[in-house]
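File shown: entry.txt (compact mmCIF, C-alpha atoms).
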```txt
# COMPACT_ATOMS: atom_id res chain seq x y z
CA MET A 62 -47.19 -13.26 -28.91
CA THR A 63 -48.81 -9.90 -28.31
CA ARG A 64 -47.03 -6.58 -28.32
CA LYS A 65 -47.54 -6.26 -24.56
CA GLU A 66 -45.94 -9.68 -23.93
CA ARG A 67 -42.94 -8.78 -26.15
CA ALA A 68 -42.48 -5.47 -24.30
CA LYS A 69 -42.60 -7.33 -20.99
CA LYS A 70 -39.92 -9.78 -22.23
CA VAL A 71 -37.67 -6.92 -23.40
CA VAL A 72 -37.98 -5.09 -20.08
CA THR A 73 -37.23 -8.33 -18.20
CA MET A 74 -34.15 -8.96 -20.37
CA VAL A 75 -32.89 -5.38 -19.89
CA ILE A 76 -33.26 -5.68 -16.11
CA ALA A 77 -31.50 -9.09 -16.11
CA MET A 78 -28.61 -7.68 -18.18
CA ALA A 79 -28.27 -4.66 -15.86
CA LEU A 80 -28.13 -6.93 -12.81
CA LEU A 81 -25.52 -9.13 -14.50
CA ILE A 82 -23.35 -6.13 -15.43
CA PHE A 83 -23.56 -4.62 -11.94
CA GLY A 84 -22.75 -8.04 -10.45
CA ILE A 85 -19.61 -8.36 -12.60
CA ILE A 86 -18.52 -4.82 -11.67
CA GLY A 87 -19.09 -5.58 -7.98
CA ILE A 88 -17.06 -8.81 -8.13
CA ASP A 89 -14.28 -7.05 -10.05
CA ALA A 90 -14.15 -4.30 -7.42
CA LEU A 91 -13.72 -6.92 -4.69
CA GLN A 92 -10.57 -8.24 -6.40
CA TRP A 93 -8.56 -5.09 -5.51
CA HIS A 94 -7.20 -5.52 -2.00
CA THR A 95 -4.93 -3.58 0.33
CA GLN A 96 -3.73 -4.28 3.82
CA SER A 97 -2.46 -2.59 6.94
CA LYS A 98 -1.21 -5.37 9.25
CA GLU A 99 0.32 -8.79 8.82
CA ALA A 100 -2.13 -10.72 6.72
CA THR A 101 -2.35 -12.57 3.43
CA PHE A 102 -4.36 -11.01 0.62
CA SER A 103 -5.34 -12.06 -2.86
CA VAL A 104 -5.27 -9.63 -5.75
CA ALA A 105 -6.59 -11.47 -8.77
CA ASN A 106 -4.17 -14.44 -8.75
CA HIS A 107 -1.40 -12.55 -6.92
CA ASN A 108 -0.87 -12.96 -3.20
CA PHE A 109 1.30 -10.94 -0.87
CA LYS A 110 2.05 -10.71 2.80
CA LEU A 111 2.88 -7.51 4.65
CA LEU A 112 5.78 -8.19 7.00
CA ASP A 113 5.45 -5.59 9.77
CA GLU A 114 7.71 -6.65 12.62
CA VAL A 115 8.12 -4.38 15.64
CA GLU A 116 9.62 -4.98 19.08
CA LYS A 117 7.02 -3.35 21.33
CA GLN A 118 8.28 -2.08 24.66
CA GLU A 119 6.39 -1.45 27.87
CA THR A 120 7.75 2.10 28.11
CA TYR A 121 9.64 4.38 25.74
CA ALA A 122 12.21 7.07 26.48
CA PRO A 123 13.88 9.87 24.52
CA GLY A 124 16.73 8.49 22.41
CA ASP A 125 15.25 4.97 22.13
CA VAL A 126 15.90 3.14 18.88
CA ILE A 127 13.11 0.62 18.37
CA PRO A 128 13.59 -2.29 15.92
CA HIS A 129 10.72 -2.09 13.44
CA SER A 130 11.00 -3.51 9.93
CA VAL A 131 8.54 -3.38 7.06
CA ALA A 132 8.75 -5.44 3.85
CA ILE A 133 6.47 -7.28 1.43
CA LYS A 134 6.64 -11.00 0.60
CA ASN A 135 5.26 -12.00 -2.79
CA THR A 136 3.47 -15.28 -2.03
CA GLY A 137 1.80 -15.43 -5.45
CA SER A 138 2.81 -16.89 -8.77
CA GLY A 139 3.43 -13.65 -10.68
CA SER A 140 5.79 -10.70 -10.36
CA LEU A 141 4.47 -7.53 -8.71
CA TYR A 142 5.10 -3.82 -8.26
CA VAL A 143 4.79 -2.68 -4.64
CA ARG A 144 3.99 0.56 -2.86
CA ILE A 145 3.82 1.15 0.88
CA LYS A 146 2.37 3.97 2.96
CA ALA A 147 3.93 4.31 6.41
CA VAL A 148 2.59 7.00 8.74
CA PHE A 149 2.70 7.60 12.46
CA GLU A 150 -0.70 7.44 14.17
CA SER A 151 -0.54 11.11 15.18
CA SER A 152 1.38 14.30 14.47
CA ASP A 153 2.61 14.25 18.10
CA ILE A 154 4.40 10.96 17.37
CA GLU A 155 5.62 12.16 13.96
CA ASN A 156 7.14 15.30 15.56
CA VAL A 157 9.44 13.26 17.84
CA CYS A 158 10.16 10.11 15.80
CA SER A 159 12.15 9.32 12.67
CA LEU A 160 12.67 6.31 10.43
CA ASP A 161 15.87 4.97 8.84
CA LEU A 162 14.34 4.82 5.35
CA ASN A 163 15.77 2.73 2.54
CA THR A 164 16.11 5.40 -0.17
CA THR A 165 18.14 3.09 -2.40
CA ASP A 166 15.27 0.73 -3.25
CA TYR A 167 12.27 2.99 -2.57
CA LEU A 168 11.24 6.41 -3.86
CA TYR A 169 8.67 8.59 -2.11
CA GLU A 170 5.94 10.07 -4.28
CA ASP A 171 2.24 10.79 -3.97
CA GLY A 172 2.17 9.74 -0.29
CA PHE A 173 3.68 6.29 -0.95
CA TYR A 174 7.10 4.66 -0.93
CA TYR A 175 7.42 2.87 -4.28
CA LEU A 176 9.69 -0.16 -4.64
CA THR A 177 11.50 0.78 -7.84
CA SER A 178 12.16 -2.81 -8.93
CA VAL A 179 9.91 -5.77 -9.69
CA LEU A 180 9.19 -8.15 -6.80
CA PRO A 181 9.40 -11.68 -8.29
CA ALA A 182 7.13 -14.49 -7.10
CA GLY A 183 8.35 -16.07 -3.86
CA GLU A 184 10.72 -13.20 -3.05
CA THR A 185 10.69 -10.65 -0.21
CA SER A 186 11.24 -6.97 -0.90
CA PRO A 187 14.07 -5.02 0.69
CA THR A 188 12.93 -3.51 3.97
CA LEU A 189 11.45 0.00 3.76
CA PHE A 190 12.96 0.81 7.17
CA THR A 191 14.38 -1.15 10.11
CA THR A 192 14.15 1.20 13.09
CA VAL A 193 12.08 3.98 14.62
CA THR A 194 14.14 6.49 16.59
CA ILE A 195 12.68 8.74 19.27
CA SER A 196 14.41 12.13 19.36
CA SER A 197 16.81 12.44 22.30
CA ASP A 198 15.35 15.83 23.22
CA ALA A 199 11.70 14.68 23.04
CA THR A 200 9.36 15.26 25.94
CA LEU A 201 7.16 12.18 26.14
CA GLU A 202 3.80 11.92 27.87
CA GLU A 203 3.03 8.91 30.03
CA GLY A 204 1.90 6.00 27.88
CA PHE A 205 3.67 7.30 24.76
CA ALA A 206 4.10 4.68 22.03
CA PRO A 207 5.48 5.27 18.50
CA ASP A 208 2.58 3.48 16.82
CA MET A 209 2.35 3.47 13.04
CA ILE A 210 -0.14 2.65 10.32
CA ILE A 211 1.41 0.56 7.56
CA TYR A 212 -0.58 0.15 4.36
CA ALA A 213 0.53 -1.71 1.25
CA GLU A 214 -0.72 -2.22 -2.29
CA VAL A 215 0.53 -4.34 -5.18
CA VAL A 216 -0.18 -4.50 -8.90
CA SER A 217 0.74 -7.10 -11.45
CA ILE A 218 3.62 -6.07 -13.69
CA GLY A 219 1.42 -6.74 -16.72
CA THR A 220 2.92 -4.94 -19.70
CA SER A 221 4.50 -2.20 -17.56
CA ASN A 222 8.20 -1.52 -18.06
CA ASN A 223 8.68 0.17 -14.68
CA TYR A 224 6.92 1.02 -11.45
CA ARG A 225 5.86 4.47 -12.72
CA ASP A 226 3.92 2.93 -15.63
CA ALA A 227 2.41 0.26 -13.38
CA TRP A 228 1.08 2.85 -10.94
CA GLU A 229 0.15 5.33 -13.72
CA LEU A 230 2.42 8.05 -12.30
CA GLY A 231 3.48 9.35 -15.69
CA ALA A 232 6.94 9.70 -17.16
CA LEU A 233 9.86 11.28 -15.39
CA ALA A 234 10.55 14.84 -16.54
CA SER A 235 14.30 14.26 -16.19
CA ASP A 236 16.85 12.12 -14.41
CA ASP A 237 16.88 14.75 -11.63
CA PHE A 238 13.32 13.93 -10.61
CA SER A 239 12.12 15.35 -7.32
CA PRO A 240 8.59 14.59 -6.13
CA THR A 241 6.10 17.40 -5.73
CA GLU A 242 5.20 16.20 -2.26
CA GLU A 243 7.85 16.25 0.43
CA ASP A 244 8.74 13.00 2.20
CA PRO A 245 7.54 13.50 5.79
CA PHE A 246 10.35 11.35 7.17
CA ALA A 247 13.23 12.85 5.16
```

Just dump the structure as structure tokens.
Amino acid sequence: MTRKERAKKVVTMVIAMALLIFGIIGIDALQWHTQSKEATFSVANHNFKLLDEVEKQETYAPGDVIPHSVAIKNTGSGSLYVRIKAVFESSDIENVCSLDLNTTDYLYEDGFYYLTSVLPAGETSPTLFTTVTISSDATLEEGFAPDMIIYAEVVSIGTSNNYRDAWELGALASDDFSPTEEDPFA
């Protein structure tokens, strides 16, 4: 085999290896899923379903309390840590609406509500909130609707001892932890 043929073989092998590595990275990147409406997703071998149930009305008025619950069902075979982002579709809606947040089971940090306990396989998380309330002194434009964007992510518990480790948030400075970012619904 000539030197030129060997060089050609080496270049071909390097290109094949690069394609293989980039293919593995691409497939691995596709395994990380999130969701924003009721749907079933697969994260590695963990599945979850976002339960976003809202009683839509034809019209809304100041003082209305609209049933709207958000939770996560672990439909996979392993335990998970959960975080949920819940935002109103616009600042106009956010200025006149509030949520009855579950601050017992969830902590707000870094733009997300973190479920502070593990969600075992087959179980449903406590609800993040159950109602949206329109301020009684709100002035609503015709066609107003308190629409929200609900986004959820899960990670396997792996070797993590708590949700902070699982989401790489770092250790608590003290028991009197207060997040650096203010909860927009508090």

message: So that I can check the surroundings of Phe149 in chain A, please list as a list in words every protein, DNA and RNA residue that reaches within 7 Å of it, counting all atoms listed in the file and ignoring chain neighbours fewer than 3 positions away.
response: Ile154, Glu155, Asp208, Met209 and Ile210 of chain A

statement: Of A:Ala122, A:Leu230, A:Ile76, A:Ala206, the one sitting nearest Asp171 in chain A when using all atoms listed in the file is A:Leu230

- request: Please indicate the distance in Å from CA of Ser159 in chain A to CA of Ile195 in chain A, rounded to one decimal place.
  value: 6.6 Å

Residues within 6 Å of range 129-142 of chain A, please, as a PDB file with C-alpha atoms, in the coordinates of the input. Count all atoms listed in the file; anything in the same chain fewer than 4 positions from it doesn't count.
```pdb
ATOM      1  CA  HIS A 107      -1.400 -12.550  -6.920  1.00  0.00           C
ATOM      2  CA  ASN A 108      -0.870 -12.960  -3.200  1.00  0.00           C
ATOM      3  CA  PHE A 109       1.300 -10.940  -0.870  1.00  0.00           C
ATOM      4  CA  LYS A 110       2.050 -10.710   2.800  1.00  0.00           C
ATOM      5  CA  LEU A 111       2.880  -7.510   4.650  1.00  0.00           C
ATOM      6  CA  LEU A 112       5.780  -8.190   7.000  1.00  0.00           C
ATOM      7  CA  ASP A 113       5.450  -5.590   9.770  1.00  0.00           C
ATOM      8  CA  GLU A 114       7.710  -6.650  12.620  1.00  0.00           C
ATOM      9  CA  VAL A 115       8.120  -4.380  15.640  1.00  0.00           C
ATOM     10  CA  VAL A 179       9.910  -5.770  -9.690  1.00  0.00           C
ATOM     11  CA  LEU A 180       9.190  -8.150  -6.800  1.00  0.00           C
ATOM     12  CA  PRO A 181       9.400 -11.680  -8.290  1.00  0.00           C
ATOM     13  CA  ALA A 182       7.130 -14.490  -7.100  1.00  0.00           C
ATOM     14  CA  GLY A 183       8.350 -16.070  -3.860  1.00  0.00           C
ATOM     15  CA  GLU A 184      10.720 -13.200  -3.050  1.00  0.00           C
ATOM     16  CA  THR A 185      10.690 -10.650  -0.210  1.00  0.00           C
ATOM     17  CA  SER A 186      11.240  -6.970  -0.900  1.00  0.00           C
ATOM     18  CA  THR A 188      12.930  -3.510   3.970  1.00  0.00           C
ATOM     19  CA  LEU A 189      11.450   0.000   3.760  1.00  0.00           C
ATOM     20  CA  PHE A 190      12.960   0.810   7.170  1.00  0.00           C
ATOM     21  CA  THR A 191      14.380  -1.150  10.110  1.00  0.00           C
ATOM     22  CA  THR A 192      14.150   1.200  13.090  1.00  0.00           C
ATOM     23  CA  VAL A 215       0.530  -4.340  -5.180  1.00  0.00           C
ATOM     24  CA  VAL A 216      -0.180  -4.500  -8.900  1.00  0.00           C
ATOM     25  CA  SER A 217       0.740  -7.100 -11.450  1.00  0.00           C
ATOM     26  CA  ILE A 218       3.620  -6.070 -13.690  1.00  0.00           C
TER      27      ILE A 218
END
```

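Using only C-alpha atoms, the smallest distance between any of A:Thr177, A:Lys146, A:Leu201, A:Tyr121 and Asp226 in chain A comes from A:Thr177.
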
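Comparing the minimum interatomic distances between Asp198 in chain A and each of A:Val126, A:Met74, A:Val157, A:Val143, counting only C-alpha atoms, we find that A:Val157 sits nearest.
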
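The two atoms in question, CA of Leu168 in chain A and CA of Asp125 in chain A, are spaced 26.3 Å apart.
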
message: Considering only C-alpha atoms, can you say which of A:Tyr169, A:Arg225, A:Gly219, A:Ser178 comes closest to Ile145 in chain A?
response: A:Tyr169

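The space between CA of Ala199 in chain A and CA of Ala147 in chain A spans 21.1 Å.
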
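Compared by their closest atoms to Gly172 in chain A, and using all atoms listed in the file, the residues A:Val148, A:Ala227, A:Leu160, A:Ile127 rank with A:Val148 nearest.
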
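Counting only C-alpha atoms, the residue from A:Glu229, A:Tyr167, A:Phe205, A:Tyr224 that sits nearest to Gln118 in chain A is A:Phe205.
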
Residue rebuild result range 145-174 of chain A, N, CA and C atoms as a CSV table (one decimal), in the frame of the given file:
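Result file follows (part-v7.csv):
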```
chain,number,residue,atom,x,y,z
A,145,ILE,N,4.1,1.2,-0.5
A,145,ILE,CA,3.8,1.2,0.9
A,145,ILE,C,3.6,2.6,1.4
A,146,LYS,N,2.6,2.7,2.2
A,146,LYS,CA,2.4,4.0,3.0
A,146,LYS,C,2.7,3.7,4.4
A,147,ALA,N,3.6,4.5,5.0
A,147,ALA,CA,3.9,4.3,6.4
A,147,ALA,C,3.8,5.7,7.1
A,148,VAL,N,2.8,5.7,8.0
A,148,VAL,CA,2.6,7.0,8.7
A,148,VAL,C,2.5,6.7,10.2
A,149,PHE,N,2.9,7.7,11.0
A,149,PHE,CA,2.7,7.6,12.5
A,149,PHE,C,1.2,7.9,12.7
A,150,GLU,N,0.7,7.3,13.9
A,150,GLU,CA,-0.7,7.4,14.2
A,150,GLU,C,-1.1,8.9,14.5
A,151,SER,N,-0.2,9.7,14.9
A,151,SER,CA,-0.5,11.1,15.2
A,151,SER,C,0.6,12.0,14.9
A,152,SER,N,0.3,13.3,14.7
A,152,SER,CA,1.4,14.3,14.5
A,152,SER,C,2.3,14.4,15.7
A,153,ASP,N,1.8,14.2,16.9
A,153,ASP,CA,2.6,14.2,18.1
A,153,ASP,C,3.7,13.2,18.0
A,154,ILE,N,3.4,12.0,17.5
A,154,ILE,CA,4.4,11.0,17.4
A,154,ILE,C,5.4,11.3,16.2
A,155,GLU,N,4.8,11.8,15.1
A,155,GLU,CA,5.6,12.2,14.0
A,155,GLU,C,6.6,13.3,14.3
A,156,ASN,N,6.3,14.2,15.2
A,156,ASN,CA,7.1,15.3,15.6
A,156,ASN,C,8.4,14.9,16.4
A,157,VAL,N,8.3,13.7,17.0
A,157,VAL,CA,9.4,13.3,17.8
A,157,VAL,C,10.1,12.0,17.4
A,158,CYS,N,9.6,11.4,16.3
A,158,CYS,CA,10.2,10.1,15.8
A,158,CYS,C,10.7,10.2,14.4
A,159,SER,N,11.6,9.4,14.0
A,159,SER,CA,12.2,9.3,12.7
A,159,SER,C,12.4,7.9,12.3
A,160,LEU,N,12.5,7.6,11.0
A,160,LEU,CA,12.7,6.3,10.4
A,160,LEU,C,14.0,6.3,9.7
A,161,ASP,N,14.7,5.1,9.7
A,161,ASP,CA,15.9,5.0,8.8
A,161,ASP,C,15.5,4.4,7.5
A,162,LEU,N,14.9,5.2,6.6
A,162,LEU,CA,14.3,4.8,5.4
A,162,LEU,C,15.4,4.3,4.4
A,163,ASN,N,15.0,3.3,3.6
A,163,ASN,CA,15.8,2.7,2.5
A,163,ASN,C,15.5,3.6,1.3
A,164,THR,N,16.3,4.5,1.0
A,164,THR,CA,16.1,5.4,-0.2
A,164,THR,C,16.8,4.9,-1.4
A,165,THR,N,17.5,3.7,-1.3
A,165,THR,CA,18.1,3.1,-2.4
A,165,THR,C,17.1,2.3,-3.2
A,166,ASP,N,16.2,1.6,-2.6
A,166,ASP,CA,15.3,0.7,-3.2
A,166,ASP,C,13.9,1.3,-3.4
A,167,TYR,N,13.6,2.4,-2.6
A,167,TYR,CA,12.3,3.0,-2.6
A,167,TYR,C,12.4,4.5,-2.9
A,168,LEU,N,11.4,5.0,-3.6
A,168,LEU,CA,11.2,6.4,-3.9
A,168,LEU,C,9.9,6.9,-3.3
A,169,TYR,N,9.9,8.0,-2.7
A,169,TYR,CA,8.7,8.6,-2.1
A,169,TYR,C,8.0,9.5,-3.1
A,170,GLU,N,6.7,9.2,-3.4
A,170,GLU,CA,5.9,10.1,-4.3
A,170,GLU,C,4.5,9.8,-4.0
A,171,ASP,N,3.7,10.9,-4.0
A,171,ASP,CA,2.2,10.8,-4.0
A,171,ASP,C,1.8,10.1,-2.7
A,172,GLY,N,2.5,10.3,-1.6
A,172,GLY,CA,2.2,9.7,-0.3
A,172,GLY,C,2.6,8.3,-0.1
A,173,PHE,N,3.3,7.7,-1.0
A,173,PHE,CA,3.7,6.3,-1.0
A,173,PHE,C,5.2,6.2,-1.2
A,174,TYR,N,5.7,5.1,-0.6
A,174,TYR,CA,7.1,4.7,-0.9
A,174,TYR,C,7.0,3.6,-2.0
```
